[in-house]
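Engineer: Pasting entry_33.txt below, which is compact mmCIF, C-alpha atoms.
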# COMPACT_ATOMS: atom_id res chain seq x y z
CA MET V 69 -4.55 -75.42 72.70
CA THR V 70 -4.12 -75.35 68.93
CA PHE V 71 -1.59 -77.19 66.77
CA LEU V 72 -0.08 -76.87 63.30
CA ALA V 73 2.31 -79.32 61.65
CA ILE V 74 4.91 -77.93 59.26
CA ILE V 75 6.84 -80.33 57.02
CA PRO V 76 10.12 -78.93 55.62
CA ALA V 77 10.90 -80.44 52.22
CA ARG V 78 13.97 -79.50 50.15
CA TYR V 79 14.57 -80.64 46.60
CA ALA V 80 18.37 -80.38 46.60
CA SER V 81 19.24 -83.13 49.07
CA THR V 82 22.95 -84.01 48.89
CA ARG V 83 22.42 -87.76 49.12
CA PHE V 84 19.11 -87.96 47.26
CA PRO V 85 18.14 -84.98 45.07
CA GLY V 86 14.40 -84.78 44.41
CA LYS V 87 13.63 -87.15 47.29
CA PRO V 88 10.23 -85.59 48.21
CA LEU V 89 8.96 -86.28 44.69
CA ALA V 90 10.15 -89.90 44.54
CA MET V 91 7.30 -92.34 44.01
CA LEU V 92 6.36 -94.66 46.85
CA GLY V 93 3.60 -96.88 45.59
CA ASP V 94 1.31 -94.66 43.56
CA THR V 95 2.02 -91.51 45.59
CA GLU V 96 4.97 -89.15 46.04
CA VAL V 97 6.87 -89.42 49.33
CA ILE V 98 5.90 -85.91 50.44
CA ASN V 99 2.19 -86.55 49.88
CA HIS V 100 2.39 -89.68 52.02
CA VAL V 101 3.80 -87.57 54.86
CA TRP V 102 1.22 -84.77 55.08
CA ARG V 103 -1.69 -87.18 54.63
CA ARG V 104 -0.54 -89.32 57.54
CA VAL V 105 -0.06 -86.23 59.72
CA GLU V 106 -3.59 -85.04 58.98
CA LYS V 107 -4.94 -88.47 60.00
CA ALA V 108 -3.87 -87.44 63.52
CA GLY V 109 -6.30 -84.51 63.34
CA VAL V 110 -3.58 -81.90 62.97
CA PRO V 111 -3.54 -79.54 59.95
CA ALA V 112 -0.33 -79.77 57.94
CA VAL V 113 1.59 -77.41 55.65
CA VAL V 114 4.62 -78.36 53.54
CA ALA V 115 7.39 -75.73 53.63
CA THR V 116 9.52 -76.02 50.51
CA ASP V 117 12.08 -74.11 48.47
CA ASP V 118 11.08 -75.66 45.15
CA SER V 119 8.05 -74.95 42.98
CA ARG V 120 7.90 -78.59 41.83
CA ILE V 121 7.28 -79.75 45.39
CA PHE V 122 4.81 -76.90 45.98
CA ASP V 123 2.86 -77.84 42.86
CA CYS V 124 2.92 -81.55 43.69
CA VAL V 125 1.44 -80.99 47.15
CA THR V 126 -1.20 -78.47 46.16
CA ALA V 127 -2.30 -80.54 43.15
CA ALA V 128 -2.92 -83.43 45.55
CA GLY V 129 -5.09 -81.23 47.78
CA GLY V 130 -2.49 -80.33 50.38
CA ARG V 131 -1.24 -76.97 51.64
CA ALA V 132 2.25 -75.64 50.93
CA VAL V 133 4.26 -72.48 51.45
CA MET V 134 7.37 -71.33 49.57
CA THR V 135 10.47 -70.58 51.66
CA ARG V 136 14.01 -69.47 50.90
CA ALA V 137 16.59 -71.91 49.57
CA ASP V 138 19.52 -70.69 51.70
CA HIS V 139 18.47 -71.87 55.17
CA LYS V 140 21.25 -73.59 57.09
CA CYS V 141 18.90 -75.87 59.03
CA GLY V 142 15.32 -77.08 59.05
CA THR V 143 14.47 -75.02 62.12
CA ASP V 144 15.17 -71.77 60.25
CA ARG V 145 12.89 -72.91 57.42
CA LEU V 146 10.24 -73.72 60.01
CA VAL V 147 10.45 -70.22 61.48
CA GLU V 148 10.14 -68.58 58.07
CA ALA V 149 7.08 -70.71 57.32
CA VAL V 150 5.46 -69.69 60.61
CA GLU V 151 6.08 -66.03 59.78
CA LYS V 152 4.69 -66.35 56.26
CA LEU V 153 1.63 -68.24 57.40
CA ALA V 154 1.01 -65.75 60.23
CA THR V 155 -0.37 -68.66 62.22
CA ASP V 156 -1.58 -68.20 65.78
CA ALA V 157 -1.24 -71.92 66.61
CA ASP V 158 0.01 -72.46 70.15
CA VAL V 159 2.26 -75.39 69.19
CA ILE V 160 4.18 -76.02 65.98
CA ILE V 161 5.01 -79.65 65.13
CA ASN V 162 8.00 -80.26 62.87
CA VAL V 163 7.68 -83.45 60.82
CA GLN V 164 10.46 -84.46 58.46
CA GLY V 165 9.45 -84.67 54.81
CA ASP V 166 11.19 -88.03 54.42
CA GLU V 167 9.09 -89.93 56.99
CA PRO V 168 6.26 -91.38 54.88
CA PHE V 169 5.31 -93.93 57.53
CA ILE V 170 4.98 -91.56 60.46
CA HIS V 171 2.15 -92.92 62.61
CA PRO V 172 -0.77 -90.70 63.63
CA THR V 173 -0.39 -91.86 67.25
CA GLN V 174 3.10 -90.34 67.32
CA ILE V 175 1.62 -86.94 66.51
CA GLN V 176 -1.26 -87.45 68.93
CA SER V 177 1.12 -88.32 71.77
CA LEU V 178 2.81 -84.95 71.30
CA THR V 179 -0.45 -83.01 71.29
CA THR V 180 -1.56 -84.87 74.42
CA LEU V 181 1.68 -83.98 76.19
CA PHE V 182 1.24 -80.25 75.53
CA THR V 183 -2.41 -80.42 76.57
CA ASN V 184 -1.60 -82.21 79.84
CA ARG V 185 1.58 -80.22 80.54
CA PRO V 186 0.97 -76.68 79.22
CA ASP V 187 4.40 -75.55 80.47
CA THR V 188 6.14 -77.87 77.97
CA GLN V 189 8.65 -75.93 75.87
CA ILE V 190 9.89 -78.46 73.31
CA ALA V 191 8.90 -82.10 72.91
CA THR V 192 10.14 -84.98 70.79
CA VAL V 193 9.56 -88.69 70.28
CA VAL V 194 11.74 -91.57 71.47
CA ARG V 195 11.58 -95.31 70.92
CA LEU V 196 12.86 -98.19 73.02
CA TYR V 197 15.71 -100.00 71.28
CA PRO V 198 14.64 -103.65 70.89
CA GLN V 199 16.37 -105.78 73.48
CA ASP V 200 16.77 -108.62 70.99
CA ALA V 201 18.35 -106.38 68.34
CA PRO V 202 22.10 -106.44 67.64
CA ALA V 203 24.32 -103.99 69.48
CA SER V 204 25.53 -102.61 66.15
CA GLY V 205 22.45 -100.37 66.01
CA LEU V 206 23.38 -98.77 69.32
CA LEU V 207 26.91 -98.18 68.08
CA ASP V 208 25.78 -96.67 64.76
CA PRO V 209 26.42 -92.89 64.90
CA ASN V 210 23.47 -92.31 62.55
CA VAL V 211 21.15 -93.69 65.24
CA VAL V 212 20.80 -90.93 67.83
CA LYS V 213 20.43 -92.07 71.40
CA VAL V 214 18.84 -90.16 74.30
CA VAL V 215 18.74 -90.42 78.09
CA THR V 216 15.94 -88.89 80.14
CA ASP V 217 15.17 -88.02 83.73
CA ASN V 218 12.38 -89.58 85.80
CA GLN V 219 9.81 -87.20 84.27
CA GLY V 220 10.78 -88.12 80.71
CA ASP V 221 12.65 -84.88 80.03
CA ALA V 222 15.81 -85.27 77.95
CA LEU V 223 19.14 -85.08 79.75
CA TYR V 224 21.31 -85.61 76.67
CA PHE V 225 21.30 -86.77 73.04
CA SER V 226 24.31 -88.49 71.53
CA ARG V 227 25.56 -90.37 68.51
CA SER V 228 27.39 -92.60 70.98
CA ALA V 229 25.64 -95.34 72.88
CA ILE V 230 24.50 -93.85 76.19
CA PRO V 231 24.67 -94.84 78.93
CA TYR V 232 27.95 -96.76 78.79
CA LEU V 233 27.50 -100.12 80.53
CA ARG V 234 30.66 -100.65 82.50
CA GLY V 235 31.78 -104.25 82.82
CA VAL V 236 29.30 -105.53 80.23
CA GLU V 237 30.34 -106.83 76.80
CA GLN V 238 28.96 -104.51 74.11
CA GLN V 239 27.07 -107.27 72.32
CA GLU V 240 25.05 -107.76 75.53
CA TRP V 241 24.12 -104.10 75.98
CA PRO V 242 20.65 -104.20 74.37
CA SER V 243 19.50 -107.00 76.66
CA ARG V 244 20.99 -105.45 79.80
CA HIS V 245 19.50 -101.93 79.65
CA HIS V 246 16.51 -100.09 78.20
CA PHE V 247 18.17 -97.82 75.64
CA LEU V 248 16.16 -95.06 73.98
CA THR V 249 16.65 -93.93 70.40
CA HIS V 250 15.47 -90.63 68.98
CA VAL V 251 12.65 -90.30 66.45
CA GLY V 252 13.16 -86.94 64.74
CA ILE V 253 9.74 -85.37 65.28
CA TYR V 254 9.69 -82.14 67.30
CA ALA V 255 6.95 -79.95 68.71
CA TYR V 256 7.55 -76.43 70.00
CA LYS V 257 5.62 -73.77 71.82
CA ARG V 258 5.40 -71.14 69.11
CA GLU V 259 7.20 -68.46 71.14
CA ILE V 260 10.04 -70.89 71.94
CA LEU V 261 10.42 -71.81 68.28
CA MET V 262 10.59 -68.19 67.20
CA SER V 263 13.46 -67.57 69.66
CA LEU V 264 15.66 -70.39 68.40
CA PRO V 265 17.28 -68.80 65.31
CA GLY V 266 18.93 -66.14 67.48
CA GLN V 267 20.88 -68.72 69.47
CA PRO V 268 24.50 -69.31 68.39
CA PRO V 269 25.78 -72.87 67.83
CA SER V 270 26.98 -74.45 71.07
CA PRO V 271 30.10 -76.55 71.69
CA LEU V 272 28.04 -79.69 72.28
CA GLU V 273 26.08 -79.15 69.07
CA THR V 274 29.31 -78.65 67.13
CA ALA V 275 30.85 -81.78 68.64
CA GLU V 276 27.94 -84.12 67.88
CA SER V 277 26.32 -82.26 64.96
CA LEU V 278 22.95 -82.38 66.76
CA GLU V 279 21.00 -79.14 66.83
CA GLN V 280 18.93 -80.13 69.87
CA LEU V 281 22.07 -79.99 72.01
CA ARG V 282 22.18 -76.22 71.37
CA TRP V 283 18.76 -75.95 73.00
CA LEU V 284 19.68 -78.11 75.98
CA GLN V 285 22.91 -76.22 76.53
CA ALA V 286 20.95 -72.96 76.45
CA GLY V 287 18.77 -74.23 79.31
CA LEU V 288 15.65 -75.15 77.39
CA LYS V 289 13.75 -78.27 78.40
CA ILE V 290 13.01 -81.00 75.85
CA SER V 291 10.29 -83.38 76.98
CA THR V 292 9.87 -86.80 75.40
CA VAL V 293 7.05 -89.19 74.59
CA GLU V 294 7.64 -92.83 73.78
CA THR V 295 6.39 -94.71 70.74
CA ASP V 296 6.45 -98.38 69.88
CA LYS V 297 5.85 -97.74 66.18
CA PRO V 298 8.76 -98.36 63.78
CA THR V 299 10.00 -95.56 61.54
CA VAL V 300 11.24 -95.94 57.98
CA GLY V 301 12.99 -92.72 57.01
CA ILE V 302 14.34 -92.11 53.52
CA ASP V 303 17.80 -90.57 53.18
CA THR V 304 19.15 -92.40 50.14
CA PRO V 305 17.87 -94.25 47.04
CA ALA V 306 18.58 -97.50 48.89
CA ASP V 307 16.30 -96.33 51.72
CA LEU V 308 13.58 -95.70 49.14
CA GLU V 309 13.81 -99.30 47.97
CA ALA V 310 13.56 -100.45 51.60
CA ALA V 311 10.51 -98.22 52.06
CA ARG V 312 8.89 -99.72 48.96
CA SER V 313 9.46 -103.21 50.36
CA TYR V 314 8.01 -102.11 53.70
CA LEU V 315 4.96 -100.64 51.95
CA ASN V 316 4.40 -103.87 50.05
CA SER V 317 4.61 -105.84 53.31
CA LEU V 318 1.64 -103.90 54.69
CA PHE V 319 -0.71 -105.39 52.09
Could I get this file's structure written as structure tokens?

Structural biologist:
Amino acid sequence: MTFLAIIPARYASTRFPGKPLAMLGDTEVINHVWRRVEKAGVPAVVATDDSRIFDCVTAAGGRAVMTRADHKCGTDRLVEAVEKLATDADVIINVQGDEPFIHPTQIQSLTTLFTNRPDTQIATVVRLYPQDAPASGLLDPNVVKVVTDNQGDALYFSRSAIPYLRGVEQQEWPSRHHFLTHVGIYAYKREILMSLPGQPPSPLETAESLEQLRWLQAGLKISTVETDKPTVGIDTPADLEAARSYLNSLF
């Protein structure tokens, strides 16, 4: 089974324009991302709509492909990149371009899942919410939560804390249940990925603004693998400063 990682990277982010080219240490954010992916043994290509990002990646020795600027979601950009690359990889891994600390084991856990379960359609990564962490993280709508069945396949994703613990004070929830949070890395069988743009938005997706609910509502199966590695995504300039502090703490 063969794998290819594609990293969508837009320049015109609403909250942080030019984010992929922001410096993190002595390297641009986007170059951190593809280098860490390739440490997992998976080839990576950055899919961008901006020549500055394309030039930055290729000058550093990476691979990039130009895509349109008018895509409504990252999945559509992913599909265009697959078409342009004419890749025959069995599985496409979607890594966000603002995850400079993605851990190689997170990528490897996805490749292992597809190898061991060849019927897997879509897979993603989840992380156990720390039981000593404050409940505010569970209640934060920007932290997506997920519940799974006994085989680790996703039942539902939500911006609400799920499951609801009846009769338990909210501040006690983390210590009373093993909650799972979503890490936004996806892997798709290539033929499944190529079918996704034709699916209309679903009511659940519209309600929660979570694209993966469209796939679940359409009957697709999303399998999960668990990681214990922290993630430090960058959505805002403040997040970049936090990422710089995190980078400094590693040395």

Engineer: Nearest to V:Pro85: which of V:Leu318, V:Ala203, V:Ala157, V:Ile302 is it, counting only C-alpha atoms?

Structural biologist: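 Among the listed residues, the smallest separation from V:Pro85 belongs to V:Ile302.
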
Engineer: Applying 10 Å and all atoms listed in the file, which residues near V:Ala90 remain after dropping the ones on its own chain fewer than 6 positions away? List them as a PyMOL selection string.

Structural biologist: chain V and resi 84+96-98+305+308

Engineer: What does the distance between atom CA of V:Glu279 and atom CA of V:Leu92 come to in Å, to one decimal place?

Structural biologist: 29.2 Å

Engineer: Excluding same-chain residues fewer than 3 positions from V:Pro231, what lies within 10 Å of it counting all atoms listed in the file, as a list of chain:residue names?

Structural biologist: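 Surrounding residues, per the criterion: V:Lys213, V:Val214, V:Val215, V:Ser226, V:Ser228, V:Arg234, V:Trp241, V:His245, V:His246, V:Phe247, V:Leu248.
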
Engineer: Calculate how many Å separate atom CA of V:Ile290 from atom CA of V:Leu233, rounding to one decimal.

Structural biologist: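 Going from atom CA of V:Ile290 over to atom CA of V:Leu233 covers 24.4 Å.
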
Engineer: Please identify all polymer residues within 6 Å of V:Arg195, counting only C-alpha atoms, omitting same-chain residues fewer than 2 positions from it, and present them as a ChimeraX atom specification.

Structural biologist: /V:248-249,294-295

Engineer: Using only C-alpha atoms, find the one residue out of V:Asn162, V:Thr126, V:Thr70, V:Thr116 that sits nearest to V:His139.

Structural biologist: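 Ranking V:Asn162, V:Thr126, V:Thr70, V:Thr116 by distance to V:His139, first place goes to V:Thr116.
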
Engineer: Would you fill the gaps in stretch 160-186 of chain V so it has N, CA and C atoms, then print it as a PDB file, keeping the file's coordinate frame?

Structural biologist:
ATOM      1  N   ILE V 160       3.773 -75.676  67.333  1.00  0.00           N
ATOM      2  CA  ILE V 160       4.180 -76.020  65.980  1.00  0.00           C
ATOM      3  C   ILE V 160       4.879 -77.382  66.015  1.00  0.00           C
ATOM      4  N   ILE V 161       4.415 -78.310  65.201  1.00  0.00           N
ATOM      5  CA  ILE V 161       5.010 -79.650  65.130  1.00  0.00           C
ATOM      6  C   ILE V 161       5.828 -79.743  63.851  1.00  0.00           C
ATOM      7  N   ASN V 162       7.073 -80.137  64.000  1.00  0.00           N
ATOM      8  CA  ASN V 162       8.000 -80.260  62.870  1.00  0.00           C
ATOM      9  C   ASN V 162       8.122 -81.733  62.494  1.00  0.00           C
ATOM     10  N   VAL V 163       7.616 -82.082  61.319  1.00  0.00           N
ATOM     11  CA  VAL V 163       7.680 -83.450  60.820  1.00  0.00           C
ATOM     12  C   VAL V 163       8.589 -83.474  59.604  1.00  0.00           C
ATOM     13  N   GLN V 164       9.536 -84.379  59.578  1.00  0.00           N
ATOM     14  CA  GLN V 164      10.460 -84.460  58.460  1.00  0.00           C
ATOM     15  C   GLN V 164       9.742 -84.933  57.194  1.00  0.00           C
ATOM     16  N   GLY V 165      10.106 -84.334  56.056  1.00  0.00           N
ATOM     17  CA  GLY V 165       9.450 -84.670  54.810  1.00  0.00           C
ATOM     18  C   GLY V 165       9.867 -86.000  54.222  1.00  0.00           C
ATOM     19  N   ASP V 166      10.766 -86.718  54.903  1.00  0.00           N
ATOM     20  CA  ASP V 166      11.190 -88.030  54.420  1.00  0.00           C
ATOM     21  C   ASP V 166      10.740 -89.151  55.349  1.00  0.00           C
ATOM     22  N   GLU V 167       9.635 -88.922  56.074  1.00  0.00           N
ATOM     23  CA  GLU V 167       9.090 -89.930  56.990  1.00  0.00           C
ATOM     24  C   GLU V 167       7.685 -90.328  56.528  1.00  0.00           C
ATOM     25  N   PRO V 168       7.583 -91.073  55.425  1.00  0.00           N
ATOM     26  CA  PRO V 168       6.260 -91.380  54.880  1.00  0.00           C
ATOM     27  C   PRO V 168       5.432 -92.345  55.714  1.00  0.00           C
ATOM     28  N   PHE V 169       6.046 -92.979  56.711  1.00  0.00           N
ATOM     29  CA  PHE V 169       5.310 -93.930  57.530  1.00  0.00           C
ATOM     30  C   PHE V 169       5.113 -93.418  58.956  1.00  0.00           C
ATOM     31  N   ILE V 170       5.247 -92.106  59.139  1.00  0.00           N
ATOM     32  CA  ILE V 170       4.980 -91.560  60.460  1.00  0.00           C
ATOM     33  C   ILE V 170       3.576 -91.995  60.889  1.00  0.00           C
ATOM     34  N   HIS V 171       3.434 -92.385  62.146  1.00  0.00           N
ATOM     35  CA  HIS V 171       2.150 -92.920  62.610  1.00  0.00           C
ATOM     36  C   HIS V 171       1.341 -91.822  63.284  1.00  0.00           C
ATOM     37  N   PRO V 172       0.048 -91.750  63.003  1.00  0.00           N
ATOM     38  CA  PRO V 172      -0.770 -90.700  63.630  1.00  0.00           C
ATOM     39  C   PRO V 172      -0.668 -90.676  65.151  1.00  0.00           C
ATOM     40  N   THR V 173      -0.480 -91.848  65.787  1.00  0.00           N
ATOM     41  CA  THR V 173      -0.390 -91.860  67.250  1.00  0.00           C
ATOM     42  C   THR V 173       0.849 -91.129  67.750  1.00  0.00           C
ATOM     43  N   GLN V 174       1.899 -91.071  66.916  1.00  0.00           N
ATOM     44  CA  GLN V 174       3.100 -90.340  67.320  1.00  0.00           C
ATOM     45  C   GLN V 174       2.818 -88.844  67.398  1.00  0.00           C
ATOM     46  N   ILE V 175       2.031 -88.340  66.465  1.00  0.00           N
ATOM     47  CA  ILE V 175       1.620 -86.940  66.510  1.00  0.00           C
ATOM     48  C   ILE V 175       0.671 -86.701  67.671  1.00  0.00           C
ATOM     49  N   GLN V 176      -0.274 -87.608  67.858  1.00  0.00           N
ATOM     50  CA  GLN V 176      -1.260 -87.450  68.930  1.00  0.00           C
ATOM     51  C   GLN V 176      -0.617 -87.486  70.304  1.00  0.00           C
ATOM     52  N   SER V 177       0.449 -88.270  70.463  1.00  0.00           N
ATOM     53  CA  SER V 177       1.120 -88.320  71.770  1.00  0.00           C
ATOM     54  C   SER V 177       1.756 -86.983  72.103  1.00  0.00           C
ATOM     55  N   LEU V 178       2.238 -86.273  71.072  1.00  0.00           N
ATOM     56  CA  LEU V 178       2.810 -84.950  71.300  1.00  0.00           C
ATOM     57  C   LEU V 178       1.733 -83.939  71.672  1.00  0.00           C
ATOM     58  N   THR V 179       0.612 -83.966  70.965  1.00  0.00           N
ATOM     59  CA  THR V 179      -0.450 -83.010  71.290  1.00  0.00           C
ATOM     60  C   THR V 179      -0.994 -83.267  72.692  1.00  0.00           C
ATOM     61  N   THR V 180      -1.081 -84.541  73.071  1.00  0.00           N
ATOM     62  CA  THR V 180      -1.560 -84.870  74.420  1.00  0.00           C
ATOM     63  C   THR V 180      -0.603 -84.357  75.488  1.00  0.00           C
ATOM     64  N   LEU V 181       0.700 -84.474  75.225  1.00  0.00           N
ATOM     65  CA  LEU V 181       1.680 -83.980  76.190  1.00  0.00           C
ATOM     66  C   LEU V 181       1.517 -82.487  76.434  1.00  0.00           C
ATOM     67  N   PHE V 182       1.388 -81.700  75.365  1.00  0.00           N
ATOM     68  CA  PHE V 182       1.240 -80.250  75.530  1.00  0.00           C
ATOM     69  C   PHE V 182      -0.079 -79.912  76.210  1.00  0.00           C
ATOM     70  N   THR V 183      -1.110 -80.674  75.933  1.00  0.00           N
ATOM     71  CA  THR V 183      -2.410 -80.420  76.570  1.00  0.00           C
ATOM     72  C   THR V 183      -2.345 -80.717  78.068  1.00  0.00           C
ATOM     73  N   ASN V 184      -1.678 -81.813  78.426  1.00  0.00           N
ATOM     74  CA  ASN V 184      -1.600 -82.210  79.840  1.00  0.00           C
ATOM     75  C   ASN V 184      -0.543 -81.443  80.606  1.00  0.00           C
ATOM     76  N   ARG V 185       0.499 -80.976  79.901  1.00  0.00           N
ATOM     77  CA  ARG V 185       1.580 -80.220  80.540  1.00  0.00           C
ATOM     78  C   ARG V 185       1.776 -78.916  79.763  1.00  0.00           C
ATOM     79  N   PRO V 186       0.925 -77.922  80.015  1.00  0.00           N
ATOM     80  CA  PRO V 186       0.970 -76.680  79.220  1.00  0.00           C
ATOM     81  C   PRO V 186       2.286 -75.922  79.326  1.00  0.00           C
TER      82      PRO V 186
END
